[in-house]
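Structure file model24.txt (compact mmCIF, C-alpha atoms) is printed below.
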# COMPACT_ATOMS: atom_id res chain seq x y z
CA MET A 1456 -155.56 -104.16 2.91
CA LEU A 1457 -158.52 -104.40 5.30
CA ASP A 1458 -157.38 -101.16 6.97
CA ARG A 1459 -157.83 -99.31 3.67
CA LEU A 1460 -161.10 -101.08 2.86
CA PRO A 1461 -163.51 -98.40 4.20
CA LEU A 1462 -161.75 -95.61 2.33
CA LEU A 1463 -161.45 -97.47 -0.99
CA ILE A 1464 -164.98 -98.85 -1.07
CA GLY A 1465 -166.56 -95.69 0.36
CA LEU A 1466 -165.00 -93.53 -2.35
CA ARG A 1467 -165.93 -96.11 -4.99
CA TYR A 1468 -169.57 -95.97 -3.91
CA VAL A 1469 -169.47 -92.17 -4.36
CA ARG A 1470 -168.20 -92.46 -7.93
CA ALA A 1471 -170.24 -95.48 -9.00
CA LYS A 1472 -173.40 -95.11 -11.06
CA ARG A 1473 -176.46 -96.33 -9.21
CA ARG A 1474 -179.31 -98.36 -10.56
CA ASN A 1475 -181.65 -96.38 -8.35
CA HIS A 1476 -181.60 -92.86 -9.78
CA PHE A 1477 -183.61 -91.53 -6.86
CA ILE A 1478 -180.65 -92.20 -4.56
CA SER A 1479 -178.42 -90.20 -6.92
CA PHE A 1480 -180.94 -87.37 -6.89
CA ILE A 1481 -181.04 -87.29 -3.07
CA SER A 1482 -177.23 -87.31 -2.95
CA LEU A 1483 -177.09 -84.41 -5.39
CA THR A 1484 -179.65 -82.37 -3.47
CA SER A 1485 -177.76 -82.99 -0.21
CA MET A 1486 -174.55 -81.79 -1.84
CA LEU A 1487 -176.24 -78.71 -3.35
CA GLY A 1488 -177.94 -77.91 -0.06
CA LEU A 1489 -174.63 -77.93 1.79
CA MET A 1490 -173.00 -75.88 -0.95
CA LEU A 1491 -175.68 -73.18 -0.94
CA GLY A 1492 -175.99 -73.13 2.85
CA VAL A 1493 -172.25 -72.69 3.38
CA ALA A 1494 -171.92 -70.11 0.58
CA VAL A 1495 -174.87 -68.02 1.78
CA LEU A 1496 -173.72 -68.16 5.41
CA ILE A 1497 -170.22 -66.95 4.47
CA LEU A 1498 -171.70 -64.17 2.32
CA VAL A 1499 -174.23 -62.98 4.92
CA LEU A 1500 -171.74 -63.01 7.79
CA SER A 1501 -169.27 -61.09 5.63
CA VAL A 1502 -171.92 -58.45 4.89
CA MET A 1503 -172.80 -58.21 8.60
CA ASN A 1504 -169.08 -57.86 9.38
CA GLY A 1505 -168.99 -55.09 6.79
CA PHE A 1506 -171.85 -53.25 8.48
CA ASP A 1507 -170.11 -53.65 11.83
CA HIS A 1508 -166.83 -52.30 10.40
CA GLU A 1509 -168.56 -49.36 8.70
CA LEU A 1510 -170.34 -48.50 11.93
CA ARG A 1511 -167.01 -48.37 13.75
CA THR A 1512 -165.04 -46.49 11.10
CA ARG A 1513 -167.63 -44.14 9.58
CA ILE A 1514 -170.25 -43.49 12.22
CA LEU A 1515 -168.00 -43.74 15.25
CA GLY A 1516 -165.27 -41.93 13.33
CA MET A 1517 -167.59 -38.92 13.19
CA VAL A 1518 -169.36 -39.38 16.52
CA PRO A 1519 -167.18 -38.83 19.61
CA HIS A 1520 -166.33 -41.91 21.65
CA THR A 1521 -167.10 -39.84 24.73
CA LYS A 1522 -167.92 -36.24 25.62
CA ILE A 1523 -166.97 -34.43 28.81
CA GLU A 1524 -169.10 -31.43 29.77
CA SER A 1525 -169.22 -29.04 32.72
CA ARG A 1526 -172.47 -27.83 34.26
CA SER A 1527 -170.95 -24.45 34.98
CA GLY A 1528 -169.43 -24.06 31.51
CA LEU A 1529 -166.00 -25.17 30.32
CA VAL A 1530 -163.69 -22.15 29.99
CA GLU A 1531 -160.16 -23.47 30.56
CA TRP A 1532 -160.64 -26.33 28.13
CA GLU A 1533 -157.04 -26.45 26.89
CA ALA A 1534 -155.71 -27.28 30.36
CA LEU A 1535 -158.39 -29.94 30.79
CA ALA A 1536 -157.56 -31.41 27.39
CA GLU A 1537 -153.89 -31.70 28.29
CA GLN A 1538 -154.85 -33.33 31.59
CA LEU A 1539 -157.11 -35.90 29.94
CA MET A 1540 -154.51 -36.66 27.26
CA GLN A 1541 -152.30 -38.03 30.03
CA ARG A 1542 -154.72 -40.92 30.47
CA GLU A 1543 -153.67 -44.21 28.89
CA ARG A 1544 -156.82 -44.78 26.83
CA VAL A 1545 -157.32 -41.18 25.62
CA ILE A 1546 -155.58 -40.59 22.28
CA GLY A 1547 -157.26 -37.35 21.20
CA ALA A 1548 -159.26 -34.40 22.54
CA ALA A 1549 -160.98 -31.44 20.88
CA PRO A 1550 -163.43 -28.71 22.02
CA TYR A 1551 -166.92 -28.36 20.61
CA VAL A 1552 -170.12 -26.37 20.78
CA GLU A 1553 -173.30 -28.16 19.71
CA GLN A 1554 -176.35 -26.30 18.52
CA GLN A 1555 -179.54 -27.86 17.19
CA GLY A 1556 -181.12 -25.71 14.53
CA MET A 1557 -182.95 -25.51 11.23
CA PHE A 1558 -181.50 -24.38 7.91
CA SER A 1559 -183.68 -22.38 5.59
CA VAL A 1560 -183.03 -21.55 1.94
CA SER A 1561 -185.65 -20.28 -0.51
CA GLY A 1562 -188.51 -21.93 1.34
CA ARG A 1563 -186.67 -25.20 1.93
CA ASN A 1564 -186.17 -26.14 5.57
CA GLU A 1565 -184.01 -28.91 7.04
CA GLY A 1566 -183.16 -29.60 10.67
CA ALA A 1567 -179.57 -30.43 11.58
CA MET A 1568 -177.04 -30.49 14.38
CA VAL A 1569 -174.37 -27.82 13.95
CA ASN A 1570 -171.02 -28.61 15.58
CA GLY A 1571 -168.79 -25.68 16.39
CA ILE A 1572 -165.23 -27.03 16.03
CA HIS A 1573 -161.64 -25.87 16.18
CA PRO A 1574 -160.23 -26.81 12.72
CA GLU A 1575 -156.72 -27.43 14.07
CA TRP A 1576 -157.95 -29.79 16.81
CA GLU A 1577 -160.74 -31.64 15.00
CA ASP A 1578 -158.52 -34.19 13.21
CA ARG A 1579 -157.57 -35.58 16.61
CA VAL A 1580 -161.07 -36.93 17.23
CA SER A 1581 -162.84 -37.11 13.84
CA ILE A 1582 -162.40 -38.40 10.30
CA ILE A 1583 -164.32 -35.45 8.81
CA GLY A 1584 -161.18 -33.93 7.30
CA ARG A 1585 -160.59 -37.08 5.22
CA HIS A 1586 -164.11 -37.02 3.77
CA MET A 1587 -164.34 -33.47 2.45
CA ARG A 1588 -165.84 -33.57 -1.03
CA GLN A 1589 -165.46 -29.81 -1.56
CA GLY A 1590 -163.63 -27.16 0.43
CA SER A 1591 -161.63 -27.67 3.61
CA LEU A 1592 -162.09 -27.38 7.36
CA ASP A 1593 -159.39 -24.70 7.29
CA ASP A 1594 -161.94 -22.41 5.64
CA LEU A 1595 -163.82 -22.27 8.94
CA GLN A 1596 -162.12 -19.13 10.18
CA PRO A 1597 -163.53 -17.13 13.11
CA GLY A 1598 -165.70 -14.19 12.17
CA GLU A 1599 -166.24 -15.30 8.57
CA TRP A 1600 -169.37 -17.31 9.40
CA ASN A 1601 -168.59 -20.15 7.04
CA ILE A 1602 -170.21 -23.55 7.36
CA VAL A 1603 -169.58 -27.09 6.08
CA LEU A 1604 -172.65 -29.17 5.23
CA GLY A 1605 -173.21 -32.88 4.74
CA SER A 1606 -173.76 -33.88 1.11
CA LEU A 1607 -177.37 -35.02 1.63
CA LEU A 1608 -178.17 -31.92 3.67
CA ALA A 1609 -176.76 -29.69 0.92
CA ARG A 1610 -178.72 -31.62 -1.70
CA HIS A 1611 -181.99 -31.29 0.21
CA LEU A 1612 -181.42 -27.56 0.62
CA GLY A 1613 -180.33 -27.21 -3.00
CA VAL A 1614 -177.13 -25.35 -2.15
CA GLY A 1615 -173.46 -25.63 -3.03
CA VAL A 1616 -170.17 -24.03 -2.09
CA GLY A 1617 -170.51 -20.25 -2.08
CA ASP A 1618 -174.26 -20.22 -1.44
CA ARG A 1619 -175.71 -18.67 1.69
CA VAL A 1620 -177.99 -20.41 4.17
CA THR A 1621 -179.92 -19.16 7.19
CA LEU A 1622 -179.66 -21.02 10.48
CA LEU A 1623 -182.54 -20.64 12.94
CA VAL A 1624 -181.79 -21.77 16.49
CA PRO A 1625 -184.49 -22.64 19.06
CA GLU A 1626 -183.84 -19.60 21.24
CA ALA A 1627 -185.80 -16.38 21.18
CA SER A 1628 -184.38 -12.89 20.87
CA ILE A 1629 -186.39 -10.13 22.52
CA THR A 1630 -186.45 -6.90 20.49
CA PRO A 1631 -188.55 -3.73 20.61
CA ALA A 1632 -190.54 -5.17 17.74
CA GLY A 1633 -191.32 -8.38 19.64
CA VAL A 1634 -189.93 -11.85 20.21
CA PHE A 1635 -188.16 -13.41 17.25
CA PRO A 1636 -186.22 -16.66 16.79
CA ARG A 1637 -182.48 -16.17 16.71
CA LEU A 1638 -181.04 -16.61 13.23
CA LYS A 1639 -177.74 -16.13 11.40
CA ARG A 1640 -176.64 -16.20 7.78
CA PHE A 1641 -173.78 -18.57 6.90
CA THR A 1642 -171.81 -19.08 3.71
CA VAL A 1643 -171.35 -22.66 2.57
CA SER A 1644 -167.58 -23.18 2.34
CA GLY A 1645 -167.43 -26.96 2.04
CA ILE A 1646 -169.36 -30.21 1.67
CA PHE A 1647 -168.44 -33.54 3.25
CA SER A 1648 -169.67 -37.07 2.55
CA VAL A 1649 -169.09 -40.16 4.69
CA GLY A 1650 -171.81 -42.22 2.99
CA ALA A 1651 -173.87 -42.39 6.18
CA ASP A 1652 -176.99 -40.84 7.66
CA LEU A 1653 -174.80 -38.13 9.20
CA ASP A 1654 -174.57 -36.60 5.72
CA ALA A 1655 -178.20 -35.55 6.11
CA ASN A 1656 -178.24 -34.08 9.60
CA LEU A 1657 -174.80 -32.72 10.46
CA ALA A 1658 -172.96 -29.44 9.77
CA TYR A 1659 -169.73 -27.84 10.99
CA ALA A 1660 -168.90 -24.22 11.78
CA ASN A 1661 -166.06 -22.44 13.57
CA ILE A 1662 -166.25 -22.81 17.34
CA GLU A 1663 -165.84 -19.08 18.00
CA ASP A 1664 -168.74 -18.28 15.67
CA MET A 1665 -170.91 -20.83 17.47
CA GLN A 1666 -169.86 -19.45 20.85
CA THR A 1667 -171.06 -16.05 19.70
CA LEU A 1668 -174.32 -17.45 18.34
CA ALA A 1669 -174.98 -19.46 21.51
CA ARG A 1670 -173.87 -16.56 23.74
CA LEU A 1671 -171.39 -18.70 25.63
CA GLY A 1672 -168.64 -16.12 25.90
CA ASP A 1673 -165.26 -17.85 26.28
CA ALA A 1674 -166.83 -21.16 27.37
CA VAL A 1675 -167.19 -24.21 25.12
CA GLY A 1676 -169.82 -26.92 25.23
CA GLY A 1677 -167.31 -29.57 26.24
CA LEU A 1678 -164.48 -31.80 25.07
CA ARG A 1679 -164.78 -34.66 22.60
CA LEU A 1680 -162.44 -37.56 23.35
CA GLU A 1681 -161.04 -40.27 21.09
CA LEU A 1682 -160.17 -43.56 22.83
CA ASN A 1683 -157.90 -46.37 21.74
CA ASP A 1684 -160.69 -48.86 22.57
CA LEU A 1685 -164.22 -47.68 21.84
CA PHE A 1686 -165.70 -50.57 23.84
CA ALA A 1687 -164.03 -49.16 26.96
CA ALA A 1688 -165.86 -45.84 26.51
CA GLY A 1689 -168.37 -46.47 29.28
CA ALA A 1690 -165.83 -47.42 31.93
CA GLU A 1691 -163.39 -44.69 30.87
CA THR A 1692 -166.11 -42.02 30.94
CA ARG A 1693 -167.14 -42.98 34.46
CA ALA A 1694 -163.51 -42.98 35.60
CA ILE A 1695 -162.92 -39.50 34.15
CA VAL A 1696 -166.06 -38.05 35.72
CA ASN A 1697 -165.17 -39.56 39.10
CA GLU A 1698 -161.72 -38.01 38.84
CA LEU A 1699 -162.93 -34.54 37.77
CA GLY A 1700 -165.74 -34.23 40.29
CA SER A 1701 -169.50 -33.76 40.44
CA ASP A 1702 -169.48 -30.58 38.35
CA TYR A 1703 -168.66 -32.66 35.26
CA ARG A 1704 -170.66 -35.19 33.34
CA GLY A 1705 -169.75 -37.64 30.58
CA ILE A 1706 -171.72 -39.05 27.63
CA ASP A 1707 -170.24 -41.92 25.61
CA TRP A 1708 -171.17 -43.19 22.14
CA THR A 1709 -173.40 -45.98 23.44
CA PHE A 1710 -176.06 -43.39 24.32
CA SER A 1711 -176.42 -42.29 20.70
CA HIS A 1712 -175.46 -45.35 18.63
CA GLY A 1713 -175.19 -48.23 21.11
CA ASN A 1714 -178.58 -49.65 20.13
CA LEU A 1715 -177.58 -49.74 16.48
CA PHE A 1716 -174.38 -51.62 17.26
CA GLN A 1717 -176.23 -54.09 19.50
CA ALA A 1718 -178.86 -54.61 16.81
CA ILE A 1719 -176.19 -55.50 14.24
CA GLN A 1720 -174.58 -57.97 16.64
CA MET A 1721 -177.96 -59.55 17.46
CA GLU A 1722 -178.92 -59.79 13.78
CA LYS A 1723 -175.58 -61.39 12.97
CA ARG A 1724 -176.07 -64.07 15.63
CA MET A 1725 -179.68 -64.77 14.64
CA ILE A 1726 -178.91 -64.94 10.92
CA ALA A 1727 -175.97 -67.26 11.60
CA LEU A 1728 -178.25 -69.50 13.66
CA LEU A 1729 -180.97 -69.61 11.01
CA LEU A 1730 -178.56 -70.34 8.17
CA THR A 1731 -176.84 -73.01 10.27
CA VAL A 1732 -180.23 -74.71 10.50
CA ILE A 1733 -180.36 -74.71 6.70
CA ILE A 1734 -176.94 -76.37 6.63
CA ALA A 1735 -178.17 -78.89 9.21
CA VAL A 1736 -181.19 -79.77 7.06
CA ALA A 1737 -178.94 -80.29 4.03
CA ALA A 1738 -176.48 -82.33 6.10
CA PHE A 1739 -179.17 -84.59 7.50
CA ASN A 1740 -180.44 -85.25 3.99
CA ILE A 1741 -177.35 -87.41 3.85
CA VAL A 1742 -179.09 -89.68 6.39
CA SER A 1743 -181.83 -90.58 3.90
CA THR A 1744 -179.25 -90.99 1.14
CA LEU A 1745 -177.14 -93.42 3.13
CA VAL A 1746 -180.14 -95.34 4.49
CA MET A 1747 -181.25 -96.03 0.93
CA VAL A 1748 -177.69 -96.89 -0.11
CA VAL A 1749 -177.40 -99.34 2.78
CA THR A 1750 -180.68 -100.98 1.75
CA ASP A 1751 -179.47 -101.14 -1.85
CA LYS A 1752 -176.10 -102.63 -0.86
CA HIS A 1753 -177.25 -105.36 1.54
CA ALA A 1754 -175.81 -108.05 -0.69
CA ASP A 1755 -172.45 -106.27 -1.00
CA ILE A 1756 -172.29 -105.81 2.77
CA ALA A 1757 -173.03 -109.49 3.35
CA ILE A 1758 -170.29 -110.56 0.96
CA LEU A 1759 -167.78 -108.22 2.58
CA ARG A 1760 -168.68 -109.62 5.99
CA THR A 1761 -168.18 -113.21 4.80
CA ILE A 1762 -164.66 -112.45 3.52
CA GLY A 1763 -163.59 -110.97 6.85
CA ALA A 1764 -164.74 -107.35 7.01
CA THR A 1765 -165.58 -106.30 10.56
CA PRO A 1766 -168.68 -104.31 11.55
CA ARG A 1767 -166.35 -101.41 12.22
CA SER A 1768 -165.02 -101.56 8.63
CA ILE A 1769 -168.55 -101.69 7.23
CA MET A 1770 -169.49 -98.69 9.34
CA GLY A 1771 -166.39 -96.86 8.10
CA ILE A 1772 -167.37 -97.44 4.46
CA PHE A 1773 -170.61 -95.50 4.80
CA VAL A 1774 -169.09 -92.83 7.02
CA VAL A 1775 -166.52 -92.23 4.27
CA GLN A 1776 -169.24 -92.11 1.62
CA GLY A 1777 -171.32 -89.60 3.57
CA LEU A 1778 -168.30 -87.45 4.39
CA ALA A 1779 -167.21 -87.48 0.75
CA ILE A 1780 -170.62 -86.12 -0.30
CA GLY A 1781 -170.46 -83.51 2.46
CA VAL A 1782 -166.87 -82.46 1.83
CA ILE A 1783 -167.52 -81.90 -1.87
CA GLY A 1784 -170.55 -79.73 -1.11
CA ILE A 1785 -168.74 -77.82 1.64
CA ALA A 1786 -165.64 -77.22 -0.51
CA ILE A 1787 -167.66 -75.84 -3.42
CA GLY A 1788 -169.74 -73.76 -1.01
CA VAL A 1789 -166.64 -72.27 0.64
CA GLY A 1790 -165.17 -71.32 -2.73
CA LEU A 1791 -168.43 -69.77 -3.91
CA GLY A 1792 -169.02 -67.99 -0.61
CA ILE A 1793 -165.54 -66.47 -0.54
CA LEU A 1794 -165.87 -65.33 -4.16
CA LEU A 1795 -169.23 -63.67 -3.45
CA ALA A 1796 -168.01 -62.10 -0.20
CA LEU A 1797 -165.04 -60.51 -1.96
CA THR A 1798 -167.04 -59.21 -4.93
CA VAL A 1799 -170.55 -58.48 -3.65
CA SER A 1800 -169.84 -54.77 -3.05
CA ASP A 1801 -168.61 -54.27 -6.62
CA LEU A 1802 -171.42 -56.46 -7.97
CA ILE A 1803 -174.12 -54.43 -6.20
CA GLY A 1804 -172.43 -51.20 -7.33
CA TRP A 1805 -172.48 -52.43 -10.94
CA VAL A 1806 -176.16 -53.36 -10.68
CA GLU A 1807 -176.98 -49.94 -9.21
CA SER A 1808 -175.12 -48.07 -11.93
CA THR A 1809 -176.58 -50.26 -14.70
CA LEU A 1810 -180.20 -50.11 -13.55
CA GLY A 1811 -180.02 -46.60 -12.11
CA ILE A 1812 -181.33 -47.65 -8.70
CA GLN A 1813 -179.96 -47.43 -5.18
CA PHE A 1814 -180.48 -50.33 -2.78
CA LEU A 1815 -179.34 -48.43 0.32
CA ASP A 1816 -180.27 -44.78 0.76
CA ALA A 1817 -178.17 -43.02 3.41
CA GLY A 1818 -181.24 -40.96 4.23
CA VAL A 1819 -182.96 -44.17 5.36
CA TYR A 1820 -180.10 -46.51 6.29
CA PHE A 1821 -176.98 -45.50 8.16
CA ILE A 1822 -174.73 -46.17 5.13
CA SER A 1823 -175.27 -45.84 1.39
CA ASP A 1824 -173.43 -48.86 0.00
CA LEU A 1825 -173.39 -52.59 0.77
CA PRO A 1826 -170.20 -53.41 2.66
CA SER A 1827 -168.56 -56.82 2.89
CA ARG A 1828 -165.67 -57.87 5.07
CA LEU A 1829 -164.51 -61.49 5.01
CA HIS A 1830 -163.24 -62.89 8.30
CA TRP A 1831 -161.34 -66.14 8.01
CA ASP A 1832 -162.37 -67.08 11.53
CA ASP A 1833 -165.98 -67.12 10.33
CA VAL A 1834 -165.03 -69.36 7.39
CA ARG A 1835 -163.24 -71.74 9.76
CA ASP A 1836 -166.22 -71.90 12.11
CA ILE A 1837 -168.68 -72.45 9.25
CA VAL A 1838 -166.59 -75.25 7.76
CA GLY A 1839 -166.18 -76.86 11.19
CA ALA A 1840 -169.92 -76.70 11.91
CA ALA A 1841 -170.89 -78.03 8.48
CA PHE A 1842 -168.35 -80.87 8.66
CA GLY A 1843 -169.48 -81.76 12.18
CA LEU A 1844 -173.14 -81.90 11.16
CA THR A 1845 -172.22 -84.00 8.12
CA PHE A 1846 -170.27 -86.45 10.27
CA LEU A 1847 -173.16 -86.80 12.73
CA SER A 1848 -175.57 -87.46 9.88
CA THR A 1849 -173.49 -90.45 8.72
CA LEU A 1850 -173.43 -92.28 12.05
CA TYR A 1851 -176.91 -93.79 12.13
CA PRO A 1852 -176.94 -95.18 8.54
CA ALA A 1853 -173.39 -96.48 9.01
CA TRP A 1854 -174.41 -98.17 12.27
CA ARG A 1855 -177.39 -99.73 10.48
CA ALA A 1856 -175.03 -101.09 7.84
CA SER A 1857 -172.72 -102.61 10.44
CA ARG A 1858 -175.69 -104.50 11.96
CA VAL A 1859 -176.56 -106.33 8.72
CA GLN A 1860 -176.44 -110.12 9.26
CA PRO A 1861 -174.80 -111.91 6.27
CA ALA A 1862 -176.70 -115.15 6.77
CA GLU A 1863 -180.09 -113.41 6.69
CA VAL A 1864 -179.22 -111.53 3.49
CA LEU A 1865 -177.52 -114.36 1.56
CA ARG A 1866 -180.33 -116.82 2.35
CA TYR A 1867 -182.49 -115.07 -0.25
CA GLU A 1868 -179.78 -114.36 -2.83
Before anything else, please render the file you have as structure tokens.
Amino acid sequence: MLDRLPLLIGLRYVRAKRRNHFISFISLTSMLGLMLGVAVLILVLSVMNGFDHELRTRILGMVPHTKIESRSGLVEWEALAEQLMQRERVIGAAPYVEQQGMFSVSGRNEGAMVNGIHPEWEDRVSIIGRHMRQGSLDDLQPGEWNIVLGSLLARHLGVGVGDRVTLLVPEASITPAGVFPRLKRFTVSGIFSVGADLDANLAYANIEDMQTLARLGDAVGGLRLELNDLFAAGAETRAIVNELGSDYRGIDWTFSHGNLFQAIQMEKRMIALLLTVIIAVAAFNIVSTLVMVVTDKHADIAILRTIGATPRSIMGIFVVQGLAIGVIGIAIGVGLGILLALTVSDLIGWVESTLGIQFLDAGVYFISDLPSRLHWDDVRDIVGAAFGLTFLSTLYPAWRASRVQPAEVLRYE
């Protein structure tokens, strides 16, 4: 019976009504603090996981993991592509020609990067084909001077499929009439949308058309490579360049978007740390609750000691009481956090559609919707940390209770 004493009495103290309502209030605030801290931490980490996932799938699905270029121009690119495809980590290769330029339509001007691509090869290294809102990459046939624009870029220019746009490139053409910027008229044959900032500054044209515009002849700008592990891009790029020789150079995704990825990881760690401090504050509120309970229960403790309860049993009673308060708060917080993490994207979408506002503009942020991705490992770690902090907060009050001397207490009863 004495072995079960801490559990039975500790749980009874949790359920019992207290004469001191302030103790009940402190217990309730401790429980609510743990609940909110755990729920918010699960929600925020899920949103940060969502941003991380969207960065990998959307941004890095459009941006090459690595690019291989030749200083003397890459002419026999098909043979090089076949050679690089033999490498273990390379799962896709496609040629490209990049050209920075400015689109102009009826007085509206927008800068963008135009990628000259081979429609049959592009699916090997990019997700663009799966995000076509109108038209198809197959419409980019050589000599037709068609172009595919991002949805935000098309909106800013005020054009749609079938409209014509003028591309000005930063290279001068010398004519008898003087020096003029090189320009070319394109027909908009498609519009893509990935819900990211690339929708505002990226366009696609046929690679042969871009070779003609850039005066490259049969050469291409380089090869875009898709890897089976994007975090190995740096090492793989260096290995490829070392194998090909000094005439080649490689540029991996960390040069263009590495800082963004590192910023998300840093923000995730810092937010987790700050919210864990909130959980710690709520958990250590249990210290004040139990100290007051111990003071209120001196007579009960003395009686239990006189009938044979050991200091260890007394200590166990208040550890059980503190853990019961913590476990209830943590359990409710986990349920609420999981529910919010699974529904926050739909909830924000409903609020946006109802109020007619947009919280994330792809022209400002790198995605246009609020992502959420629940990782059960995060839930496990949060529960473990919250439970550990709760357990630590019970030790001092429980130790104080075990040090109560029955004779000193009962002398005045």
Q: Could you check how far CA of Pro1625 in chain A sits from CA of Leu1671 in chain A, in Å to one decimal?
A: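 Computed distance, CA of Pro1625 in chain A to CA of Leu1671 in chain A, equals 15.2 Å.
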Q: Might you pull out every residue within 8 Å of Leu1612 in chain A, with only C-alpha atoms counted and same-chain residues fewer than 4 positions away left off, and present them as a list in words?
A: Phe1558, Ser1559, Val1560, Arg1563, Asn1564, Glu1565 and Leu1608 of chain A
Q. Using all atoms listed in the file, which of the listed residues (A:Val1620, A:Ile1734, A:Val1746, A:Leu1539) sits closest to Val1696 in chain A?
A. A:Leu1539
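Distance check against Leu1728 in chain A using all atoms listed in the file: of A:Asp1664, A:Ser1857, A:Ala1840, A:Gly1700, the minimum falls on A:Ala1840.
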Q) Closest to Arg1544 in chain A among A:Ala1687, A:Leu1604, A:Val1624, A:Ala1669, using only C-alpha atoms? A) A:Ala1687
Could you list, as a PDB file with C-alpha atoms, in the coordinates of the input, every residue within 7 Å of Pro1852 in chain A, counting all atoms listed in the file and ignoring same-chain residues fewer than 4 positions away?
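Output file out_17.pdb follows:
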ATOM      1  CA  VAL A1742    -179.090 -89.680   6.390  1.00  0.00           C
ATOM      2  CA  LEU A1745    -177.140 -93.420   3.130  1.00  0.00           C
ATOM      3  CA  VAL A1746    -180.140 -95.340   4.490  1.00  0.00           C
ATOM      4  CA  ALA A1856    -175.030-101.090   7.840  1.00  0.00           C
TER       5      ALA A1856
END
Q: Work out how far apart CA of Gly1562 in chain A and CA of His1611 in chain A are and give it in Å to one decimal.
A: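 Between these atoms lies a distance of 11.5 Å.
Ranking A:Ile1733, A:Ala1548, A:Ile1646, A:Leu1682 by their shortest atom-to-atom distance to Ala1658 in chain A, with only C-alpha atoms included, puts A:Ile1646 first.
Note that the spacing between CA of Asn1601 in chain A and CA of Ala1660 in chain A amounts to 6.3 Å.
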(Q) I want to know what sits within 9 Å of range 1483-1487 of chain A, based on all atoms listed in the file, with residues of the same chain fewer than 4 positions away left out; could you give that as number ranges by chain? (A) A: 1478-1479, 1491-1492, 1736-1741, 1744, 1780-1785, 1788
